[in-house]
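*Asks:* Dropping in work_33.pdb, with PDB, C-alpha atoms.
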```pdb
ATOM      1  CA  MET X   1       0.000   0.000   0.000
ATOM      2  CA  LYS X   2       2.851   2.270   0.948
ATOM      3  CA  THR X   3       4.591   1.457  -2.365
ATOM      4  CA  PHE X   4       1.419   2.264  -4.322
ATOM      5  CA  SER X   5       1.096   5.581  -2.527
ATOM      6  CA  ASN X   6       4.696   6.539  -3.357
ATOM      7  CA  THR X   7       4.178   5.628  -7.026
ATOM      8  CA  THR X   8       0.968   7.666  -7.161
ATOM      9  CA  THR X   9       2.684  10.636  -5.568
ATOM     10  CA  LEU X  10       5.545  10.407  -8.046
ATOM     11  CA  LEU X  11       3.082  10.148 -10.931
ATOM     12  CA  ILE X  12       1.089  13.161  -9.772
ATOM     13  CA  PHE X  13       4.301  15.138  -9.267
ATOM     14  CA  THR X  14       5.524  14.230 -12.778
ATOM     15  CA  MET X  15       2.167  15.184 -14.295
ATOM     16  CA  LEU X  16       2.132  18.521 -12.503
ATOM     17  CA  LEU X  17       5.681  19.214 -13.612
ATOM     18  CA  PHE X  18       4.745  18.373 -17.195
ATOM     19  CA  LEU X  19       1.647  20.586 -17.088
ATOM     20  CA  GLY X  20       3.718  23.385 -15.579
ATOM     21  CA  ILE X  21       6.257  23.182 -18.415
ATOM     22  CA  VAL X  22       3.498  23.098 -21.062
ATOM     23  CA  TYR X  23       1.799  26.111 -19.410
ATOM     24  CA  LYS X  24       5.078  28.050 -19.319
ATOM     25  CA  ILE X  25       5.823  27.309 -22.993
ATOM     26  CA  ASN X  26       2.278  28.359 -23.908
ATOM     27  CA  GLN X  27       2.589  31.590 -21.967
ATOM     28  CA  GLU X  28       5.910  32.412 -23.635
ATOM     29  CA  HIS X  29       4.476  31.869 -27.094
ATOM     30  CA  LYS X  30       1.061  33.332 -26.455
ATOM     31  CA  ILE X  31       0.325  36.070 -28.927
ATOM     32  CA  PRO X  32      -1.909  38.800 -27.564
ATOM     33  CA  SER X  33      -4.634  40.200 -29.809
ATOM     34  CA  ILE X  34      -3.183  42.351 -32.598
ATOM     35  CA  ASP X  35      -4.201  45.620 -30.985
ATOM     36  CA  SER X  36      -2.624  44.604 -27.664
ATOM     37  CA  ILE X  37       0.829  43.665 -29.010
ATOM     38  CA  PRO X  38       3.327  45.965 -27.289
ATOM     39  CA  LEU X  39       4.916  48.423 -29.701
ATOM     40  CA  THR X  40       8.150  49.978 -28.525
ATOM     41  CA  SER X  41       8.496  53.663 -29.283
ATOM     42  CA  HIS X  42       9.679  56.621 -27.217
ATOM     43  CA  GLN X  43       6.744  55.560 -25.022
ATOM     44  CA  PRO X  44       4.978  52.192 -24.735
ATOM     45  CA  LEU X  45       2.240  51.910 -27.371
ATOM     46  CA  THR X  46      -0.155  49.406 -28.888
ATOM     47  CA  LEU X  47      -2.258  49.663 -32.022
ATOM     48  CA  LYS X  48      -5.061  50.951 -29.781
ATOM     49  CA  SER X  49      -2.934  54.044 -29.084
ATOM     50  CA  PHE X  50      -3.638  55.135 -32.669
ATOM     51  CA  TYR X  51      -7.395  54.639 -32.557
ATOM     52  CA  GLY X  52      -9.477  57.778 -32.927
ATOM     53  CA  LYS X  53      -7.667  58.949 -36.080
ATOM     54  CA  TYR X  54      -6.893  57.506 -39.486
ATOM     55  CA  THR X  55      -3.473  55.864 -39.408
ATOM     56  CA  LEU X  56      -0.982  55.142 -42.152
ATOM     57  CA  ILE X  57       1.440  52.333 -41.275
ATOM     58  CA  TYR X  58       4.560  51.708 -43.301
ATOM     59  CA  PHE X  59       6.832  48.710 -42.703
ATOM     60  CA  GLY X  60      10.495  49.098 -43.633
ATOM     61  CA  PHE X  61      14.008  49.176 -42.218
ATOM     62  CA  LEU X  62      16.840  51.657 -41.911
ATOM     63  CA  SER X  63      19.335  49.837 -44.158
ATOM     64  CA  CYS X  64      16.880  50.154 -47.044
ATOM     65  CA  PRO X  65      18.386  52.731 -49.408
ATOM     66  CA  GLU X  66      15.531  53.462 -51.789
ATOM     67  CA  VAL X  67      11.884  52.577 -51.166
ATOM     68  CA  CYS X  68      11.847  53.257 -47.407
ATOM     69  CA  PRO X  69      13.331  56.793 -47.415
ATOM     70  CA  THR X  70      11.355  57.718 -50.539
ATOM     71  CA  THR X  71       8.090  56.462 -49.005
ATOM     72  CA  LEU X  72       8.752  58.253 -45.710
ATOM     73  CA  LYS X  73       9.379  61.466 -47.638
ATOM     74  CA  LYS X  74       5.990  61.068 -49.324
ATOM     75  CA  LEU X  75       4.286  60.294 -46.009
ATOM     76  CA  ALA X  76       5.801  63.487 -44.594
ATOM     77  CA  GLU X  77       4.250  65.363 -47.540
ATOM     78  CA  VAL X  78       0.884  63.792 -46.649
ATOM     79  CA  GLU X  79       1.195  64.993 -43.045
ATOM     80  CA  LYS X  80       2.087  68.514 -44.216
ATOM     81  CA  LYS X  81      -0.854  68.575 -46.637
ATOM     82  CA  ILE X  82      -3.522  67.080 -44.331
ATOM     83  CA  GLY X  83      -2.249  68.720 -41.140
ATOM     84  CA  GLY X  84      -4.451  69.637 -38.195
ATOM     85  CA  ASP X  85      -3.514  66.585 -36.110
ATOM     86  CA  GLN X  86      -5.998  64.516 -38.126
ATOM     87  CA  ILE X  87      -3.872  61.441 -38.921
ATOM     88  CA  ASN X  88      -1.170  59.196 -37.448
ATOM     89  CA  ILE X  89       1.841  58.120 -39.480
ATOM     90  CA  VAL X  90       3.603  55.044 -38.121
ATOM     91  CA  PHE X  91       6.912  53.640 -39.347
ATOM     92  CA  MET X  92       7.521  50.090 -38.135
ATOM     93  CA  THR X  93      10.875  48.395 -38.573
ATOM     94  CA  LEU X  94      11.138  44.881 -39.952
ATOM     95  CA  ASP X  95      14.741  44.776 -38.725
ATOM     96  CA  PRO X  96      14.579  45.185 -34.927
ATOM     97  CA  GLU X  97      17.978  43.454 -34.731
ATOM     98  CA  ARG X  98      19.689  46.544 -36.181
ATOM     99  CA  ASP X  99      17.135  49.333 -35.813
ATOM    100  CA  THR X 100      17.013  50.672 -32.261
ATOM    101  CA  ILE X 101      14.245  53.088 -31.403
ATOM    102  CA  ASP X 102      16.781  55.918 -30.965
ATOM    103  CA  LYS X 103      18.119  55.351 -34.496
ATOM    104  CA  MET X 104      14.571  55.144 -35.838
ATOM    105  CA  GLN X 105      13.500  58.320 -34.065
ATOM    106  CA  LYS X 106      16.431  60.265 -35.542
ATOM    107  CA  TYR X 107      15.721  58.809 -38.984
ATOM    108  CA  ALA X 108      11.954  59.473 -38.911
ATOM    109  CA  GLN X 109      12.367  63.032 -37.612
ATOM    110  CA  PHE X 110      14.443  63.927 -40.647
ATOM    111  CA  PHE X 111      11.251  63.507 -42.676
ATOM    112  CA  HIS X 112       8.666  64.798 -40.195
ATOM    113  CA  PRO X 113       8.623  65.021 -36.386
ATOM    114  CA  LYS X 114       5.119  63.526 -36.341
ATOM    115  CA  ILE X 115       6.174  60.210 -37.886
ATOM    116  CA  ILE X 116       6.019  57.679 -35.054
ATOM    117  CA  PRO X 117       8.747  55.004 -35.145
ATOM    118  CA  VAL X 118       7.841  51.640 -33.627
ATOM    119  CA  ARG X 119       9.374  48.218 -33.241
ATOM    120  CA  ILE X 120       8.148  44.920 -31.814
ATOM    121  CA  GLU X 121      10.627  43.154 -29.567
ATOM    122  CA  ASN X 122       9.144  39.660 -29.729
ATOM    123  CA  ILE X 123       9.614  37.949 -33.098
ATOM    124  CA  ASP X 124       6.428  35.837 -32.818
ATOM    125  CA  GLN X 125       4.437  38.976 -32.093
ATOM    126  CA  GLN X 126       6.141  40.804 -34.969
ATOM    127  CA  ASN X 127       5.220  37.942 -37.306
ATOM    128  CA  ALA X 128       1.593  37.936 -36.113
ATOM    129  CA  PHE X 129       1.388  41.732 -36.481
ATOM    130  CA  THR X 130       2.792  41.830 -40.026
ATOM    131  CA  ARG X 131       0.721  38.812 -41.101
ATOM    132  CA  PHE X 132      -2.446  40.565 -39.915
ATOM    133  CA  PHE X 133      -1.684  43.470 -42.267
ATOM    134  CA  GLY X 134      -0.694  41.215 -45.169
ATOM    135  CA  ILE X 135       2.932  42.315 -44.974
ATOM    136  CA  GLN X 136       5.388  39.647 -46.046
ATOM    137  CA  TYR X 137       9.031  39.954 -45.147
ATOM    138  CA  ARG X 138      12.090  37.748 -45.122
ATOM    139  CA  LYS X 139      15.608  38.210 -43.861
ATOM    140  CA  ILE X 140      18.013  37.341 -46.675
ATOM    141  CA  LYS X 141      21.730  36.797 -46.128
ATOM    142  CA  LEU X 142      23.826  38.584 -48.722
ATOM    143  CA  GLY X 143      26.924  36.539 -49.454
ATOM    144  CA  GLU X 144      30.181  38.508 -49.291
ATOM    145  CA  SER X 145      28.360  41.801 -48.767
ATOM    146  CA  LYS X 146      29.321  44.239 -46.032
ATOM    147  CA  LEU X 147      25.587  44.687 -45.514
ATOM    148  CA  GLU X 148      25.496  41.048 -44.271
ATOM    149  CA  TYR X 149      21.751  40.778 -44.797
ATOM    150  CA  THR X 150      18.774  42.578 -46.244
ATOM    151  CA  ILE X 151      15.020  42.333 -45.752
ATOM    152  CA  ASP X 152      12.732  41.524 -48.678
ATOM    153  CA  HIS X 153       9.412  43.119 -47.837
ATOM    154  CA  THR X 154       5.968  44.170 -49.013
ATOM    155  CA  THR X 155       6.073  47.882 -49.627
ATOM    156  CA  ASP X 156       2.367  48.748 -49.349
ATOM    157  CA  ILE X 157       1.236  51.393 -46.904
ATOM    158  CA  ILE X 158      -1.705  50.303 -44.774
ATOM    159  CA  LEU X 159      -4.515  52.745 -44.075
ATOM    160  CA  LEU X 160      -6.427  52.068 -40.865
ATOM    161  CA  SER X 161      -9.743  53.576 -39.840
ATOM    162  CA  PRO X 162     -10.069  55.364 -36.479
ATOM    163  CA  LYS X 163     -11.321  52.011 -35.116
ATOM    164  CA  GLY X 164      -8.355  50.062 -36.461
ATOM    165  CA  LYS X 165     -10.097  48.540 -39.472
ATOM    166  CA  ILE X 166      -7.962  48.106 -42.602
ATOM    167  CA  MET X 167      -9.438  50.517 -45.150
ATOM    168  CA  ASP X 168      -6.890  50.493 -47.955
ATOM    169  CA  ASN X 169      -3.479  49.284 -49.148
ATOM    170  CA  LEU X 170      -1.664  52.169 -50.791
ATOM    171  CA  HIS X 171       1.014  51.387 -53.335
ATOM    172  CA  HIS X 172       4.459  52.743 -52.460
ATOM    173  CA  ASP X 173       4.993  53.949 -56.019
ATOM    174  CA  SER X 174       1.946  56.244 -56.101
ATOM    175  CA  PRO X 175       2.599  59.962 -55.733
ATOM    176  CA  SER X 176       1.796  61.506 -52.342
ATOM    177  CA  SER X 177      -1.159  63.334 -53.942
ATOM    178  CA  VAL X 178      -2.902  59.933 -54.287
ATOM    179  CA  TYR X 179      -2.445  59.252 -50.560
ATOM    180  CA  VAL X 180      -3.723  62.741 -49.758
ATOM    181  CA  SER X 181      -6.852  62.412 -51.922
ATOM    182  CA  THR X 182      -7.580  58.921 -50.499
ATOM    183  CA  LEU X 183      -7.316  60.237 -46.945
ATOM    184  CA  GLN X 184      -9.361  63.328 -47.727
ATOM    185  CA  LYS X 185     -12.123  61.086 -49.118
ATOM    186  CA  TYR X 186     -12.207  59.027 -45.906
ATOM    187  CA  LEU X 187     -11.922  62.082 -43.668
ATOM    188  CA  LYS X 188     -14.855  63.697 -45.487
ATOM    189  CA  GLU X 189     -16.999  60.568 -45.139
ATOM    190  CA  THR X 190     -16.089  60.276 -41.462
ATOM    191  CA  SER X 191     -16.956  63.893 -40.736
ATOM    192  CA  GLN X 192     -20.489  63.182 -41.984
ATOM    193  CA  LEU X 193     -20.955  60.168 -39.694
ATOM    194  CA  PRO X 194     -22.324  60.267 -36.143
ATOM    195  CA  LYS X 195     -19.414  59.901 -33.715
ATOM    196  CA  GLU X 196     -20.468  56.436 -32.461
ATOM    197  CA  ASN X 197     -20.105  55.060 -36.013
ATOM    198  CA  LEU X 198     -16.474  56.116 -36.458
TER     199      LEU X 198
ATOM    200  CA  MET M 199      28.223  83.393 -70.448
ATOM    201  CA  LYS M 200      25.480  80.745 -70.519
ATOM    202  CA  THR M 201      27.610  78.626 -72.842
ATOM    203  CA  ILE M 202      30.567  78.808 -70.443
ATOM    204  CA  ALA M 203      28.318  77.832 -67.518
ATOM    205  CA  LEU M 204      26.869  74.916 -69.507
ATOM    206  CA  PHE M 205      30.360  73.774 -70.499
ATOM    207  CA  PHE M 206      31.470  73.949 -66.859
ATOM    208  CA  MET M 207      28.432  71.898 -65.734
ATOM    209  CA  LEU M 208      29.054  69.268 -68.370
ATOM    210  CA  TYR M 209      32.734  69.162 -67.441
ATOM    211  CA  THR M 210      31.868  68.680 -63.768
ATOM    212  CA  PHE M 211      29.333  65.878 -64.210
ATOM    213  CA  THR M 212      30.855  64.085 -67.178
ATOM    214  CA  SER M 213      34.116  62.267 -66.952
ATOM    215  CA  SER M 214      35.666  59.602 -69.121
ATOM    216  CA  VAL M 215      38.389  57.010 -68.589
ATOM    217  CA  PHE M 216      39.463  53.793 -70.362
ATOM    218  CA  GLY M 217      36.815  54.597 -72.931
ATOM    219  CA  LEU M 218      34.258  54.893 -70.151
ATOM    220  CA  GLU M 219      32.129  57.973 -69.722
ATOM    221  CA  PHE M 220      30.446  58.642 -66.358
ATOM    222  CA  LYS M 221      27.385  60.859 -66.708
ATOM    223  CA  ASN M 222      24.891  62.407 -64.281
ATOM    224  CA  PHE M 223      26.251  60.589 -61.253
ATOM    225  CA  LYS M 224      24.421  61.352 -57.992
ATOM    226  CA  ILE M 225      24.449  60.155 -54.389
ATOM    227  CA  LYS M 226      21.157  59.976 -52.545
ATOM    228  CA  MET M 227      20.978  62.137 -49.433
ATOM    229  CA  MET M 228      19.973  60.056 -46.419
ATOM    230  CA  PRO M 229      18.669  60.901 -42.929
ATOM    231  CA  PRO M 230      21.135  61.404 -40.061
ATOM    232  CA  GLY M 231      22.561  58.173 -38.722
ATOM    233  CA  ALA M 232      21.851  56.228 -41.923
ATOM    234  CA  LYS M 233      24.576  53.705 -42.712
ATOM    235  CA  VAL M 234      23.663  53.195 -46.365
ATOM    236  CA  SER M 235      23.015  55.248 -49.456
ATOM    237  CA  LEU M 236      23.028  54.651 -53.171
ATOM    238  CA  ILE M 237      24.735  56.083 -56.229
ATOM    239  CA  TYR M 238      23.227  56.249 -59.681
ATOM    240  CA  GLY M 239      24.115  57.637 -63.095
ATOM    241  CA  ASP M 240      24.977  56.428 -66.585
ATOM    242  CA  ILE M 241      28.170  54.675 -67.658
ATOM    243  CA  TYR M 242      28.916  54.677 -71.368
ATOM    244  CA  ASN M 243      31.554  52.319 -72.716
ATOM    245  CA  GLN M 244      33.034  53.869 -75.852
ATOM    246  CA  ASP M 245      35.500  50.981 -76.319
ATOM    247  CA  LEU M 246      35.261  48.201 -78.875
ATOM    248  CA  THR M 247      35.453  45.591 -76.103
ATOM    249  CA  SER M 248      33.278  45.091 -73.046
ATOM    250  CA  ILE M 249      34.468  46.207 -69.627
ATOM    251  CA  HIS M 250      33.857  44.595 -66.239
ATOM    252  CA  LEU M 251      33.264  46.999 -63.416
ATOM    253  CA  GLN M 252      34.186  45.395 -60.138
ATOM    254  CA  GLU M 253      36.395  47.404 -57.834
ATOM    255  CA  ILE M 254      34.952  50.703 -56.657
ATOM    256  CA  LYS M 255      36.182  52.589 -53.617
ATOM    257  CA  SER M 256      35.401  55.640 -51.511
ATOM    258  CA  SER M 257      36.872  56.914 -48.263
ATOM    259  CA  ILE M 258      33.389  57.479 -46.815
ATOM    260  CA  ALA M 259      32.022  53.904 -47.065
ATOM    261  CA  GLU M 260      32.384  50.490 -48.677
ATOM    262  CA  LEU M 261      31.034  50.292 -52.212
ATOM    263  CA  GLU M 262      29.220  47.377 -53.821
ATOM    264  CA  ILE M 263      27.130  46.838 -56.933
ATOM    265  CA  HIS M 264      23.535  45.971 -56.052
ATOM    266  CA  GLU M 265      20.303  45.422 -57.875
ATOM    267  CA  MET M 266      16.775  46.272 -56.772
ATOM    268  CA  ILE M 267      14.058  43.835 -57.849
ATOM    269  CA  ALA M 268      10.318  44.474 -57.522
ATOM    270  CA  GLU M 269       8.530  41.116 -57.366
ATOM    271  CA  HIS M 270       5.050  40.091 -56.176
ATOM    272  CA  GLY M 271       4.499  43.396 -54.386
ATOM    273  CA  GLN M 272       7.804  43.030 -52.572
ATOM    274  CA  MET M 273      11.059  44.913 -52.936
ATOM    275  CA  LYS M 274      14.238  42.860 -52.926
ATOM    276  CA  MET M 275      17.878  43.855 -53.130
ATOM    277  CA  ARG M 276      20.765  41.622 -54.140
ATOM    278  CA  LYS M 277      24.511  42.045 -54.517
ATOM    279  CA  ILE M 278      25.953  41.752 -58.023
ATOM    280  CA  PRO M 279      29.592  40.552 -58.143
ATOM    281  CA  SER M 280      30.526  42.619 -61.193
ATOM    282  CA  LEU M 281      28.942  44.729 -63.873
ATOM    283  CA  GLU M 282      29.635  44.151 -67.535
ATOM    284  CA  ILE M 283      29.303  47.091 -69.867
ATOM    285  CA  GLY M 284      29.239  45.966 -73.473
ATOM    286  CA  ALA M 285      31.175  47.676 -76.270
ATOM    287  CA  ASN M 286      29.549  50.965 -77.236
ATOM    288  CA  LYS M 287      26.799  50.405 -74.647
ATOM    289  CA  THR M 288      25.419  52.483 -71.809
ATOM    290  CA  VAL M 289      24.443  50.970 -68.475
ATOM    291  CA  ALA M 290      21.994  53.057 -66.524
ATOM    292  CA  LEU M 291      22.398  52.861 -62.766
ATOM    293  CA  SER M 292      19.138  53.906 -61.124
ATOM    294  CA  PRO M 293      17.641  53.855 -57.611
ATOM    295  CA  LYS M 294      15.122  51.192 -58.654
ATOM    296  CA  GLY M 295      17.457  48.967 -60.663
ATOM    297  CA  LEU M 296      21.202  48.427 -60.769
ATOM    298  CA  HIS M 297      23.009  50.878 -58.527
ATOM    299  CA  LEU M 298      26.110  51.327 -56.421
ATOM    300  CA  MET M 299      25.558  50.893 -52.683
ATOM    301  CA  LEU M 300      27.435  52.874 -50.080
ATOM    302  CA  ILE M 301      27.584  50.621 -47.020
ATOM    303  CA  GLY M 302      28.754  51.553 -43.534
ATOM    304  CA  LEU M 303      28.787  55.330 -43.985
ATOM    305  CA  LYS M 304      31.389  56.766 -41.624
ATOM    306  CA  ARG M 305      29.533  60.066 -41.270
ATOM    307  CA  ASP M 306      26.273  61.727 -42.297
ATOM    308  CA  LEU M 307      26.088  63.029 -45.849
ATOM    309  CA  ASN M 308      25.540  66.735 -46.456
ATOM    310  CA  LEU M 309      23.263  67.979 -49.200
ATOM    311  CA  ASN M 310      25.202  69.195 -52.286
ATOM    312  CA  GLU M 311      28.616  68.082 -51.015
ATOM    313  CA  LYS M 312      30.721  66.060 -53.433
ATOM    314  CA  ILE M 313      32.109  62.632 -52.615
ATOM    315  CA  ASP M 314      35.045  61.127 -54.493
ATOM    316  CA  ILE M 315      34.412  57.688 -55.963
ATOM    317  CA  THR M 316      37.310  55.723 -57.470
ATOM    318  CA  PHE M 317      36.865  53.048 -60.122
ATOM    319  CA  LYS M 318      39.640  50.533 -60.772
ATOM    320  CA  ILE M 319      39.469  49.038 -64.235
ATOM    321  CA  LYS M 320      42.290  47.265 -66.058
ATOM    322  CA  ASN M 321      44.761  48.345 -63.339
ATOM    323  CA  GLU M 322      43.979  51.996 -63.888
ATOM    324  CA  LEU M 323      42.272  54.263 -61.405
ATOM    325  CA  LYS M 324      39.740  56.949 -62.163
ATOM    326  CA  THR M 325      38.165  59.180 -59.528
ATOM    327  CA  ILE M 326      34.969  61.091 -60.116
ATOM    328  CA  SER M 327      33.380  63.659 -57.813
ATOM    329  CA  VAL M 328      29.707  62.855 -57.163
ATOM    330  CA  PRO M 329      27.232  65.360 -55.697
ATOM    331  CA  VAL M 330      24.807  64.443 -52.885
ATOM    332  CA  VAL M 331      21.234  65.199 -53.947
ATOM    333  CA  ALA M 332      17.921  65.317 -52.063
ATOM    334  CA  ILE M 333      15.591  62.286 -51.920
ATOM    335  CA  ASP M 334      13.248  62.433 -54.941
TER     336      ASP M 334
END
```
Please, can you express the file's structure as structure tokens?
*Replies:*
Amino acid sequence: MKTFSNTTTLLIFTMLLFLGIVYKINQEHKIPSIDSIPLTSHQPLTLKSFYGKYTLIYFGFLSCPEVCPTTLKKLAEVEKKIGGDQINIVFMTLDPERDTIDKMQKYAQFFHPKIIPVRIENIDQQNAFTRFFGIQYRKIKLGESKLEYTIDHTTDIILLSPKGKIMDNLHHDSPSSVYVSTLQKYLKETSQLPKENL
Amino acid sequence: MKTIALFFMLYTFTSSVFGLEFKNFKIKMMPPGAKVSLIYGDIYNQDLTSIHLQEIKSSIAELEIHEMIAEHGQMKMRKIPSLEIGANKTVALSPKGLHLMLIGLKRDLNLNEKIDITFKIKNELKTISVPVVAID
């Protein structure tokens, strides 16, 4: 009887240990809802922080020599044209390994002080976040290049409604006037809606 | 006076060596802290044989030949080991295609400053002075 009791105790202990490990692994890999994923900026943010205004999100990285700086320049033109604190412009890095928030802040400010740089520290959360917006990206090693690696990435700009709904994918190659007219159309429609429907 | 100014401009931005002519070369201005930039322009090979462009140097950063590829809504960039310029052909280096990459910039670029770029071809060196221009 005593032997049986010891075996049972050992079995229960093993099971609890196993469940504890499974729980811990689950917790570590648990992805919060998209609008609760922590975004690192000069202050802690989530997607919810941008609700209440239309938001343009662009995904890029600082070692990108062409599309990223050119797109940020156009987004700065949008901010200047729309003005009046009516929109958010968010620049999220796909290369958190190299792009610190201080570097991103300095980079974004060159274009416009209102561009908000963000990064996601957890790779699983970053993958879930980008997947949600239909952004594909891949780290590619560049053989014998001093750059070491680059990031292939979708270059669309995502337009979110004040409630965080995806309204449009804007092509990076369009002139900034297209972004401005798209936003003005949405802003006009929104201004005619009762506030609870925003 | 206008003719002299035009001649001076052409002299500044056009340079030829080993039958190669470098035209309209520009460096893209980048934000502070950026470690990369790109160089574009046209290279015309006036020779009767093709030339391989491989070794390019600058004191401000490492230089490599890269190519930008737009594919399935994604932008990709790859290193090209060397660039062949056929006899009597022009290769256009552009921000969205083949270009020269400045990697590991040692300092921030200043708008309108000129950066010396040296090409080594057939054991000869040719340095051209390339202006830094604003992001289009």
*Asks:* What are the closest atom pairs, with distances in Å to one decimal, for all residues of chain M lying within 9 Å of chain X? Consider all atoms listed in the file, order rows by chain and residue number, and present the result as JSON lines.
*Replies:*
```
{"residue": "M:Lys226", "atom": "CA", "partner": "X:Pro65", "partner_atom": "CA", "distance": 8.4}
{"residue": "M:Met228", "atom": "CA", "partner": "X:Pro69", "partner_atom": "CA", "distance": 7.5}
{"residue": "M:Pro229", "atom": "CA", "partner": "X:Tyr107", "partner_atom": "CA", "distance": 5.4}
{"residue": "M:Pro230", "atom": "CA", "partner": "X:Tyr107", "partner_atom": "CA", "distance": 6.1}
{"residue": "M:Gly231", "atom": "CA", "partner": "X:Lys103", "partner_atom": "CA", "distance": 6.7}
{"residue": "M:Ala232", "atom": "CA", "partner": "X:Leu62", "partner_atom": "CA", "distance": 6.8}
{"residue": "M:Lys233", "atom": "CA", "partner": "X:Ser63", "partner_atom": "CA", "distance": 6.7}
{"residue": "M:Val234", "atom": "CA", "partner": "X:Ser63", "partner_atom": "CA", "distance": 5.9}
{"residue": "M:Ser235", "atom": "CA", "partner": "X:Pro65", "partner_atom": "CA", "distance": 5.3}
{"residue": "M:Leu236", "atom": "CA", "partner": "X:Pro65", "partner_atom": "CA", "distance": 6.3}
{"residue": "M:Glu260", "atom": "CA", "partner": "X:Lys146", "partner_atom": "CA", "distance": 7.4}
{"residue": "M:Leu261", "atom": "CA", "partner": "X:Lys146", "partner_atom": "CA", "distance": 8.8}
{"residue": "M:Glu262", "atom": "CA", "partner": "X:Ser145", "partner_atom": "CA", "distance": 7.6}
{"residue": "M:Met266", "atom": "CA", "partner": "X:Glu66", "partner_atom": "CA", "distance": 8.8}
{"residue": "M:His270", "atom": "CA", "partner": "X:Thr154", "partner_atom": "CA", "distance": 8.3}
{"residue": "M:Gly271", "atom": "CA", "partner": "X:Thr154", "partner_atom": "CA", "distance": 5.6}
{"residue": "M:Gln272", "atom": "CA", "partner": "X:Thr154", "partner_atom": "CA", "distance": 4.2}
{"residue": "M:Met273", "atom": "CA", "partner": "X:His153", "partner_atom": "CA", "distance": 5.7}
{"residue": "M:Lys274", "atom": "CA", "partner": "X:Asp152", "partner_atom": "CA", "distance": 4.7}
{"residue": "M:Met275", "atom": "CA", "partner": "X:Thr150", "partner_atom": "CA", "distance": 7.1}
{"residue": "M:Arg276", "atom": "CA", "partner": "X:Leu142", "partner_atom": "CA", "distance": 6.9}
{"residue": "M:Lys277", "atom": "CA", "partner": "X:Leu142", "partner_atom": "CA", "distance": 6.8}
{"residue": "M:Pro293", "atom": "CA", "partner": "X:Glu66", "partner_atom": "CA", "distance": 6.2}
{"residue": "M:Lys294", "atom": "CA", "partner": "X:Glu66", "partner_atom": "CA", "distance": 7.2}
{"residue": "M:Met299", "atom": "CA", "partner": "X:Pro65", "partner_atom": "CA", "distance": 8.1}
{"residue": "M:Ile301", "atom": "CA", "partner": "X:Leu147", "partner_atom": "CA", "distance": 6.4}
{"residue": "M:Gly302", "atom": "CA", "partner": "X:Lys146", "partner_atom": "CA", "distance": 7.7}
{"residue": "M:Ile333", "atom": "CA", "partner": "X:Thr70", "partner_atom": "CA", "distance": 6.4}
{"residue": "M:Asp334", "atom": "CA", "partner": "X:Thr70", "partner_atom": "CA", "distance": 6.7}
```
*Asks:* Could you check how far CA of Ile87 in chain X sits from CA of Thr55 in chain X, in Å to one decimal?
*Replies:*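 Atom-to-atom, CA of Ile87 in chain X to CA of Thr55 in chain X, that is 5.6 Å.
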*Asks:* Just so the selection is clear, what residues does the PyMOL selection byres ((chain M and resi 291) around 7) cover here, as a list of chain:residue names?
*Replies:* M:Tyr238, M:Gly239, M:Asp240, M:Val289, M:Ala290, M:Ser292, M:Gly295, M:Leu296, M:His297
*Asks:* For the file shown, report as a PyMOL selection string the outcome of the PyMOL selection byres ((chain X and resi 112-117) around 12) at residue level.
*Replies:* (chain X and resi 39-45+47+49-50+55-62+69+71-80+83-94+96+99-111+118-120) or (chain M and resi 229)
*Asks:* Quick one, how far is CA of Asp124 in chain X from CA of Lys163 in chain X?
*Replies:*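 CA of Asp124 in chain X sits 24.1 Å away from CA of Lys163 in chain X.
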*Asks:* Taking all atoms listed in the file into account, which of M:Leu300, M:Ala332, M:Ile267, M:Leu309 comes nearest Ile254 in chain M?
*Replies:*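 Residue with the minimum atom-to-atom distance to Ile254 in chain M: M:Leu300.
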*Asks:* Can you measure CA of Ala128 in chain X to CA of Ile31 in chain X for me? One decimal in Å is fine.
*Replies:*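 Distance between the two atoms: 7.5 Å.
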*Asks:* Could you tell me which residues the PyMOL selection byres ((chain M and resi 314) around 6) returns for this structure, as a list of chain:residue names?
*Replies:*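 Selection result, ordered by chain and number: M:Ile313, M:Ile315, M:Ile326, M:Ser327.
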*Asks:* Contacts of Ala285 in chain M at 7 Å or less, counting only C-alpha atoms, minus same-chain residues fewer than 2 places along, as a PyMOL selection string?
*Replies:* chain M and resi 243-248+283+287
*Asks:* Grab the residues selected above and save them as a short mmCIF file (atom, residue, chain, number, x, y, z; two decimals), in the coordinates of the input with C-alpha atoms.
*Replies:*
```cif
data_model
loop_
_atom_site.label_atom_id
_atom_site.label_comp_id
_atom_site.auth_asym_id
_atom_site.auth_seq_id
_atom_site.Cartn_x
_atom_site.Cartn_y
_atom_site.Cartn_z
CA ASN M 243 31.55 52.32 -72.72
CA GLN M 244 33.03 53.87 -75.85
CA ASP M 245 35.50 50.98 -76.32
CA LEU M 246 35.26 48.20 -78.88
CA THR M 247 35.45 45.59 -76.10
CA SER M 248 33.28 45.09 -73.05
CA ILE M 283 29.30 47.09 -69.87
CA LYS M 287 26.80 50.40 -74.65
#
```
*Asks:* From the list M:Leu323, M:Leu251, M:Thr316, M:Asn308, which residue is nearest Ile225 in chain M when using all atoms listed in the file?
*Replies:*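 Of M:Leu323, M:Leu251, M:Thr316, M:Asn308, the one nearest Ile225 in chain M, counting all atoms listed in the file, is M:Asn308.
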